[in-house]
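A.B. asks: Dropping in coords_21.cif, which is mmCIF, C-alpha atoms:
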```
data_structure
#
loop_
_atom_site.label_atom_id
_atom_site.label_comp_id
_atom_site.auth_asym_id
_atom_site.auth_seq_id
_atom_site.Cartn_x
_atom_site.Cartn_y
_atom_site.Cartn_z
CA MET A 136 -23.75 59.61 -61.12
CA SER A 137 -24.40 61.42 -57.86
CA SER A 138 -22.57 61.89 -54.60
CA ALA A 139 -23.65 62.58 -51.05
CA ALA A 140 -20.30 64.20 -50.38
CA PRO A 141 -20.53 67.81 -49.19
CA PRO A 142 -19.01 70.63 -51.23
CA PRO A 143 -15.49 71.69 -50.25
CA LYS A 144 -15.19 74.46 -47.66
CA ARG A 145 -12.64 76.35 -49.75
CA PRO A 146 -12.82 77.99 -53.17
CA ILE A 147 -11.77 75.82 -56.09
CA LYS A 148 -10.35 76.66 -59.50
CA VAL A 149 -10.88 74.83 -62.79
CA LEU A 150 -9.10 75.15 -66.13
CA MET A 151 -11.51 75.07 -69.11
CA LEU A 152 -10.11 73.92 -72.47
CA HIS A 153 -12.15 74.62 -75.59
CA GLY A 154 -12.52 72.46 -78.68
CA PHE A 155 -11.06 72.71 -82.17
CA THR A 156 -12.13 75.94 -83.98
CA GLN A 157 -13.38 77.51 -80.73
CA SER A 158 -11.83 80.14 -78.44
CA GLY A 159 -11.84 80.78 -74.71
CA PRO A 160 -14.55 83.47 -74.88
CA LEU A 161 -16.73 81.33 -77.17
CA PHE A 162 -16.40 78.28 -74.91
CA HIS A 163 -17.25 80.51 -71.95
CA ALA A 164 -20.37 81.77 -73.71
CA LYS A 165 -21.46 78.21 -74.52
CA THR A 166 -21.02 77.05 -70.91
CA ARG A 167 -22.54 79.98 -68.98
CA ALA A 168 -25.41 77.78 -67.81
CA LEU A 169 -22.90 75.25 -66.51
CA GLU A 170 -20.93 77.99 -64.77
CA LYS A 171 -24.07 79.24 -62.97
CA ASN A 172 -24.95 75.71 -61.86
CA LEU A 173 -21.44 75.14 -60.54
CA GLN A 174 -21.51 78.40 -58.63
CA LYS A 175 -24.69 77.24 -56.89
CA ALA A 176 -23.20 73.82 -56.15
CA PHE A 177 -19.98 75.19 -54.67
CA PRO A 178 -20.98 78.04 -52.35
CA ALA A 179 -17.41 78.54 -51.07
CA GLY A 180 -16.54 79.70 -54.58
CA ILE A 181 -15.48 78.29 -57.94
CA THR A 182 -13.45 80.05 -60.63
CA LEU A 183 -13.41 78.83 -64.23
CA SER A 184 -10.47 79.95 -66.37
CA TYR A 185 -10.93 79.97 -70.17
CA PRO A 186 -7.68 80.39 -72.10
CA THR A 187 -7.63 80.52 -75.90
CA ALA A 188 -5.39 78.03 -77.70
CA PRO A 189 -2.29 79.50 -79.38
CA LEU A 190 -2.72 78.12 -82.92
CA ARG A 191 -4.90 80.35 -85.07
CA LEU A 192 -6.63 78.40 -87.81
CA SER A 193 -6.69 79.61 -91.40
CA PRO A 194 -9.66 79.43 -93.80
CA ALA A 195 -8.03 76.35 -95.32
CA ASP A 196 -8.15 74.66 -91.88
CA VAL A 197 -11.85 75.43 -91.41
CA PRO A 198 -13.45 75.86 -94.86
CA TRP A 199 -16.96 75.43 -93.41
CA ALA A 200 -16.48 78.71 -91.52
CA LEU A 201 -16.80 80.54 -94.85
CA ASN A 202 -20.32 79.38 -95.57
CA SER A 203 -21.80 82.60 -94.19
CA ASN A 204 -19.87 84.55 -96.85
CA SER A 205 -21.29 82.51 -99.71
CA THR A 206 -22.14 84.77 -102.64
CA ASN A 207 -22.72 82.39 -105.50
CA GLY A 208 -24.87 79.32 -105.03
CA GLY A 209 -22.91 78.05 -102.05
CA GLU A 210 -19.47 78.93 -103.41
CA ALA A 211 -17.53 81.38 -101.23
CA ASN A 212 -15.94 84.37 -102.93
CA SER A 213 -12.23 83.76 -103.50
CA ASP A 214 -11.28 87.25 -102.29
CA ALA A 215 -13.21 86.64 -99.06
CA LYS A 216 -11.34 83.37 -98.62
CA ASP A 217 -8.01 85.18 -98.88
CA GLU A 218 -8.96 88.05 -96.58
CA GLN A 219 -11.01 86.36 -93.90
CA GLU A 220 -9.22 85.19 -90.78
CA PRO A 221 -11.73 83.24 -88.70
CA ASP A 222 -11.73 83.54 -84.93
CA ALA A 223 -10.91 79.83 -84.70
CA TRP A 224 -8.12 78.31 -82.63
CA ALA A 225 -6.61 74.92 -81.83
CA TRP A 226 -4.31 73.22 -79.35
CA TRP A 227 -2.83 71.34 -82.33
CA ARG A 228 -3.55 70.61 -86.01
CA ARG A 229 -4.25 67.01 -86.89
CA LYS A 230 -2.26 65.70 -89.83
CA GLY A 231 -2.98 62.48 -91.70
CA ASP A 232 -5.97 60.93 -93.44
CA GLY A 233 -6.44 58.25 -90.81
CA GLU A 234 -4.98 56.84 -87.62
CA PRO A 235 -2.29 57.11 -86.55
CA TYR A 236 -2.57 60.90 -86.66
CA ARG A 237 0.23 63.36 -86.03
CA TYR A 238 -0.54 66.45 -83.97
CA GLU A 239 1.30 69.38 -85.46
CA GLY A 240 1.93 72.17 -82.94
CA ILE A 241 1.16 70.10 -79.84
CA GLU A 242 4.33 71.37 -78.15
CA GLU A 243 3.17 74.96 -78.63
CA GLY A 244 -0.27 74.09 -77.34
CA MET A 245 1.13 72.45 -74.22
CA SER A 246 3.53 75.34 -73.67
CA HIS A 247 0.62 77.78 -73.66
CA ILE A 248 -1.26 75.66 -71.12
CA ALA A 249 1.88 75.47 -69.01
CA SER A 250 2.07 79.26 -68.91
CA VAL A 251 -1.58 79.43 -67.77
CA LEU A 252 -0.90 76.86 -65.03
CA LYS A 253 2.04 78.93 -63.78
CA GLU A 254 0.42 82.34 -64.03
CA GLU A 255 -3.15 81.57 -62.94
CA GLY A 256 -2.82 78.41 -60.85
CA PRO A 257 -2.92 76.42 -58.78
CA PHE A 258 -5.90 74.65 -60.31
CA ASP A 259 -7.88 71.82 -58.75
CA GLY A 260 -8.92 70.30 -62.04
CA VAL A 261 -9.39 70.64 -65.77
CA VAL A 262 -12.46 70.34 -68.00
CA GLY A 263 -12.21 70.04 -71.78
CA PHE A 264 -14.46 69.57 -74.79
CA SER A 265 -13.54 67.54 -77.90
CA GLN A 266 -9.91 68.38 -78.71
CA GLY A 267 -9.88 70.15 -75.36
CA GLY A 268 -11.16 66.95 -73.74
CA ALA A 269 -8.26 65.00 -75.21
CA CYS A 270 -5.95 67.79 -74.08
CA ALA A 271 -7.38 67.79 -70.54
CA ALA A 272 -6.41 64.14 -70.08
CA MET A 273 -2.94 64.85 -71.48
CA VAL A 274 -2.40 67.74 -69.05
CA ALA A 275 -3.52 65.61 -66.09
CA SER A 276 -1.14 62.90 -67.25
CA LEU A 277 1.84 65.25 -67.62
CA LEU A 278 1.50 66.45 -64.02
CA GLU A 279 1.51 62.98 -62.49
CA PRO A 280 4.59 61.69 -60.63
CA GLY A 281 6.81 59.52 -62.79
CA ARG A 282 5.35 60.64 -66.10
CA ARG A 283 8.59 62.24 -67.28
CA GLU A 284 10.38 58.92 -66.93
CA ALA A 285 7.65 57.27 -69.02
CA PHE A 286 8.26 59.82 -71.78
CA GLU A 287 12.00 59.26 -71.61
CA ALA A 288 11.51 55.50 -71.98
CA LYS A 289 9.16 55.93 -74.95
CA TYR A 290 11.38 58.54 -76.63
CA SER A 291 13.92 55.88 -77.56
CA LEU A 292 11.08 54.06 -79.37
CA GLY A 293 9.99 57.09 -81.35
CA GLY A 294 7.82 58.88 -78.81
CA MET A 295 7.67 62.63 -78.25
CA ARG A 296 9.78 64.23 -75.55
CA TYR A 297 8.30 65.29 -72.24
CA PRO A 298 7.36 68.96 -72.82
CA GLU A 299 10.09 71.22 -71.45
CA SER A 300 7.40 73.77 -70.59
CA PHE A 301 6.08 71.40 -67.89
CA GLU A 302 9.47 70.91 -66.23
CA ALA A 303 10.06 72.92 -63.07
CA ASP A 304 13.42 74.56 -62.64
CA THR A 305 14.11 72.82 -59.33
CA GLY A 306 16.86 70.37 -60.18
CA TYR A 307 14.66 67.47 -59.11
CA VAL A 308 13.71 64.70 -61.51
CA GLU A 309 10.07 64.82 -60.45
CA GLY A 310 9.81 68.61 -60.54
CA THR A 311 6.84 69.95 -62.51
CA ILE A 312 5.46 73.46 -62.86
CA HIS A 313 2.21 72.57 -61.07
CA PRO A 314 1.05 69.98 -58.52
CA PRO A 315 -0.86 66.94 -59.84
CA LEU A 316 -4.47 67.79 -60.64
CA LYS A 317 -7.18 66.38 -58.43
CA PHE A 318 -9.53 65.62 -61.32
CA ALA A 319 -10.10 65.92 -65.07
CA VAL A 320 -13.32 65.91 -67.10
CA SER A 321 -13.50 65.04 -70.79
CA TYR A 322 -16.55 65.88 -72.90
CA SER A 323 -16.39 64.09 -76.27
CA GLY A 324 -12.66 63.64 -75.76
CA PHE A 325 -10.43 60.99 -77.25
CA ALA A 326 -7.02 59.34 -77.04
CA ALA A 327 -4.23 59.63 -79.58
CA ARG A 328 -4.04 56.05 -80.82
CA GLY A 329 -1.97 53.90 -83.10
CA THR A 330 1.41 55.58 -82.80
CA GLU A 331 4.37 55.53 -80.46
CA LEU A 332 4.51 59.33 -80.59
CA TYR A 333 1.95 59.91 -77.82
CA ARG A 334 1.88 56.58 -76.02
CA ALA A 335 3.61 57.95 -72.91
CA PHE A 336 0.53 60.03 -72.11
CA TYR A 337 -1.36 56.78 -71.50
CA GLU A 338 1.28 54.23 -70.44
CA PRO A 339 1.27 53.80 -67.52
CA LYS A 340 -2.44 54.50 -67.27
CA ILE A 341 -3.64 57.91 -66.11
CA LYS A 342 -4.10 57.83 -62.33
CA THR A 343 -5.85 61.18 -61.99
CA PRO A 344 -9.63 60.65 -61.59
CA VAL A 345 -11.22 61.36 -65.00
CA LEU A 346 -14.94 61.66 -65.75
CA HIS A 347 -15.94 61.01 -69.38
CA PHE A 348 -19.07 62.36 -71.11
CA LEU A 349 -19.95 60.78 -74.47
CA GLY A 350 -22.75 61.67 -76.86
CA SER A 351 -24.56 58.60 -78.15
CA LEU A 352 -25.22 60.45 -81.44
CA ASP A 353 -21.77 62.03 -81.75
CA ALA A 354 -20.85 62.01 -85.44
CA VAL A 355 -17.63 63.99 -85.02
CA VAL A 356 -15.63 61.86 -82.58
CA GLU A 357 -16.09 58.14 -83.04
CA GLU A 358 -17.08 56.28 -79.88
CA ALA A 359 -14.09 53.96 -80.25
CA ARG A 360 -11.71 56.92 -80.00
CA SER A 361 -13.45 58.15 -76.84
CA LEU A 362 -13.47 54.68 -75.31
CA ALA A 363 -9.75 54.42 -76.00
CA LEU A 364 -9.30 57.35 -73.60
CA VAL A 365 -11.58 55.66 -71.05
CA GLU A 366 -9.42 52.54 -71.27
CA ALA A 367 -6.28 54.63 -70.79
CA CYS A 368 -7.45 55.66 -67.31
CA GLU A 369 -6.62 53.53 -64.29
CA THR A 370 -10.13 53.85 -62.85
CA SER A 371 -13.04 54.08 -65.27
CA GLU A 372 -15.84 52.13 -63.59
CA GLY A 373 -18.74 54.48 -62.89
CA ARG A 374 -16.97 57.36 -64.60
CA VAL A 375 -18.51 57.21 -68.08
CA VAL A 376 -21.71 59.16 -68.70
CA TYR A 377 -23.63 58.93 -71.98
CA HIS A 378 -26.02 61.66 -73.06
CA PRO A 379 -28.55 61.15 -75.88
CA GLY A 380 -27.11 63.87 -78.10
CA GLY A 381 -24.37 64.65 -80.54
CA HIS A 382 -21.10 66.53 -80.38
CA PHE A 383 -21.78 69.11 -77.69
CA LEU A 384 -21.38 69.75 -73.99
CA PRO A 385 -24.65 69.33 -72.06
CA SER A 386 -24.32 72.36 -69.80
CA SER A 387 -27.87 72.89 -68.54
CA GLN A 388 -29.53 69.46 -68.37
CA LYS A 389 -29.91 68.64 -64.69
CA ALA A 390 -28.86 64.97 -64.87
CA TYR A 391 -25.54 65.71 -66.53
CA VAL A 392 -24.74 68.75 -64.42
CA SER A 393 -25.47 66.63 -61.32
CA ALA A 394 -23.07 63.97 -62.59
CA LEU A 395 -20.31 66.54 -62.94
CA VAL A 396 -21.01 68.14 -59.56
CA GLY A 397 -21.16 64.77 -57.82
CA PHE A 398 -17.85 63.71 -59.34
CA ILE A 399 -16.03 66.89 -58.30
CA LYS A 400 -17.47 66.74 -54.76
CA GLU A 401 -16.49 63.08 -54.47
CA VAL A 402 -12.84 63.53 -55.44
CA LEU A 403 -12.36 66.71 -53.41
CA HIS A 404 -14.05 65.21 -50.35
CA ALA A 405 -11.73 62.20 -50.60
CA GLU A 406 -8.80 64.60 -50.72
CA GLU A 407 -10.03 66.45 -47.62
CA ASP A 408 -10.45 63.16 -45.73
CA GLU A 409 -6.93 62.12 -46.72
CA GLY A 410 -5.60 65.45 -45.47
CA LYS A 411 -7.33 64.95 -42.11
CA VAL A 412 -5.79 61.50 -41.74
CA GLU A 413 -2.33 62.88 -42.51
CA GLN A 414 -2.80 65.74 -40.07
CA SER A 415 -3.95 63.33 -37.37
CA ALA A 416 -0.84 61.21 -37.90
CA GLU A 417 1.37 64.29 -37.59
CA ASP A 418 -0.23 65.22 -34.27
CA ARG A 419 0.55 61.88 -32.63
CA ASP A 420 3.45 61.51 -30.22
CA VAL A 421 5.96 59.09 -31.64
CA PRO A 422 8.93 57.49 -29.82
CA PHE A 423 11.61 58.87 -32.16
#
```
Since I need it in another form, could you write the structure as structure tokens?
C.D. replies:
Amino acid sequence: MSSAAPPPKRPIKVLMLHGFTQSGPLFHAKTRALEKNLQKAFPAGITLSYPTAPLRLSPADVPWALNSNSTNGGEANSDAKDEQEPDAWAWWRRKGDGEPYRYEGIEEGMSHIASVLKEEGPFDGVVGFSQGGACAAMVASLLEPGRREAFEAKYSLGGMRYPESFEADTGYVEGTIHPPLKFAVSYSGFAARGTELYRAFYEPKIKTPVLHFLGSLDAVVEEARSLALVEACETSEGRVVYHPGGHFLPSSQKAYVSALVGFIKEVLHAEEDEGKVEQSAEDRDVPF
């Protein structure tokens, strides 16, 4: 994917959502090459914001994190298990042995993102990896016009409520804490399938332009789960990019960085053109 569209003439801001067991600083460290490439591609300025999810994971949530403390033929010391608190965080904890899953703590995760949107925004878009990729699509969905009504309709069927943290204190039905995002990017993301709980995120389909990156060798997130998110977006043609790797974000390979840059330029250029058309219409003399 590439675009001949020029970069925007104004600085842009992007929310970066890390994956399960990561943190904001760790995700930042893993995407420094991407950040440098984006800074070159957007000379007017680009700011990437890396919050850390609010749910701290325990050793029981991430037992593999204890491997480095192994003291006895691969078995971790029990005292170390009790004392160690890994620097691992999540936007929610997945419960259940198979689909449909339940996302414990999702309200807290969304509330934390809402506070970042209010305190550090406005943002032009959101980029997420893995659980953060799923979350990025959810955030874009929540900020779209009419989404609250979709949640209200699904609530009577067993769906979750529209997060109060995203409701603006304006008295208007459509009021949200942040304007709709101009784009979202999901690396190894997925959709919450098979349950009424989260269906309102995807029905009606997500209108915000979303670019999807999938690893052809990803053994962590099944392709079907990622494609379910692709299908939940109103426009998906030309917005799915496969890389020949596993569960990671390709942050330095030129082809995949170019795909991201081209996508962002394309959607922001379309927004600028739309703004010019609206301004031109406002400048016309009208007989009323």
A.B. asks: Which residue, A:Phe348, A:Tyr391, A:Tyr322, A:Tyr297, has the smallest gap to Phe264 in chain A when you use all atoms listed in the file?
C.D. replies: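 The closest residue to Phe264 in chain A is A:Tyr322.
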A.B. asks: Would you mind telling me which residue in A:Ala326, A:Val345, A:Leu277, A:Ala140 lies nearest to Glu357 in chain A when using all atoms listed in the file?
C.D. replies: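 So, comparing all the options, the nearest one is A:Ala326.
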A.B. asks: Which residues would end up in the selection if the PyMOL selection byres ((chain A and resi 286) around 8) were applied here, given that I need the answer as a PyMOL selection string?
C.D. replies: chain A and resi 282-285+287-290+294-297+335-336
A.B. asks: Using Å and a single decimal, report how far CA of Ala271 in chain A sits from CA of Gly154 in chain A.
C.D. replies: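 Taking CA of Gly154 in chain A and CA of Ala271 in chain A, their separation equals 10.7 Å.
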A.B. asks: Near Leu384 in chain A, within 12 Å and counting only C-alpha atoms, which residues show up once chain neighbours fewer than 3 positions away are dropped, as a ChimeraX atom specification?
C.D. replies: /A:153-154,162-163,165-169,262-265,267-268,320-324,347-350,353,376-381,387-388,391-392,395
A.B. asks: Enter the distance from CA of Met151 in chain A to CA of Pro186 in chain A, in Å, rounded to one decimal.
C.D. replies: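 Straight-line distance from CA of Met151 in chain A to CA of Pro186 in chain A works out to 7.2 Å.
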A.B. asks: What is the distance between CA of Gly373 in chain A and CA of Pro257 in chain A, in Å to one decimal?
C.D. replies: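 Here the two named atoms are 27.4 Å from each other.
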A.B. asks: So, counting all atoms listed in the file, which residue among A:Glu331, A:Phe325, A:Glu338, A:Ala275 is closest to Leu292 in chain A?
C.D. replies: A:Glu331
A.B. asks: Given the choices A:Val402, A:Ala225, A:Leu173, A:Ala367, which gets closest to Leu190 in chain A if the distance is worked out from all atoms listed in the file?
C.D. replies: A:Ala225
A.B. asks: So what does the PyMOL selection byres ((chain A and resi 229-233) around 12) actually pick up in this one, as a PyMOL selection string?
C.D. replies: chain A and resi 155+190+192+196+225-228+234-241+266+327-330
A.B. asks: For those residues, write C-alpha atoms to a file as a tab-separated table (two decimals), in the frame of the given file.
C.D. replies:
```tsv
chain	number	residue	atom	x	y	z
A	155	PHE	CA	-11.06	72.71	-82.17
A	190	LEU	CA	-2.72	78.12	-82.92
A	192	LEU	CA	-6.63	78.40	-87.81
A	196	ASP	CA	-8.15	74.66	-91.88
A	225	ALA	CA	-6.61	74.92	-81.83
A	226	TRP	CA	-4.31	73.22	-79.35
A	227	TRP	CA	-2.83	71.34	-82.33
A	228	ARG	CA	-3.55	70.61	-86.01
A	234	GLU	CA	-4.98	56.84	-87.62
A	235	PRO	CA	-2.29	57.11	-86.55
A	236	TYR	CA	-2.57	60.90	-86.66
A	237	ARG	CA	0.23	63.36	-86.03
A	238	TYR	CA	-0.54	66.45	-83.97
A	239	GLU	CA	1.30	69.38	-85.46
A	240	GLY	CA	1.93	72.17	-82.94
A	241	ILE	CA	1.16	70.10	-79.84
A	266	GLN	CA	-9.91	68.38	-78.71
A	327	ALA	CA	-4.23	59.63	-79.58
A	328	ARG	CA	-4.04	56.05	-80.82
A	329	GLY	CA	-1.97	53.90	-83.10
A	330	THR	CA	1.41	55.58	-82.80
```
A.B. asks: Given the file shown, enumerate the residues that the PyMOL selection byres ((chain A and resi 302) around 6) captures and present them as a compact mmCIF listing (two decimals) with C-alpha atoms, in the frame of the given file.
C.D. replies:
```
# COMPACT_ATOMS: atom_id res chain seq x y z
CA GLU A 299 10.09 71.22 -71.45
CA SER A 300 7.40 73.77 -70.59
CA PHE A 301 6.08 71.40 -67.89
CA ALA A 303 10.06 72.92 -63.07
CA THR A 311 6.84 69.95 -62.51
CA ILE A 312 5.46 73.46 -62.86
```
A.B. asks: Would you mind telling me which residue in A:Val375, A:Ile147, A:Ala139, A:Ile248 lies nearest to Cys270 in chain A when using all atoms listed in the file?
C.D. replies: A:Ile248
A.B. asks: Please determine, counting all atoms listed in the file, which residue among A:Ala164, A:Met245, A:Val251, A:Val261 has the shortest atom-to-atom distance to Leu150 in chain A.
C.D. replies: A:Val261
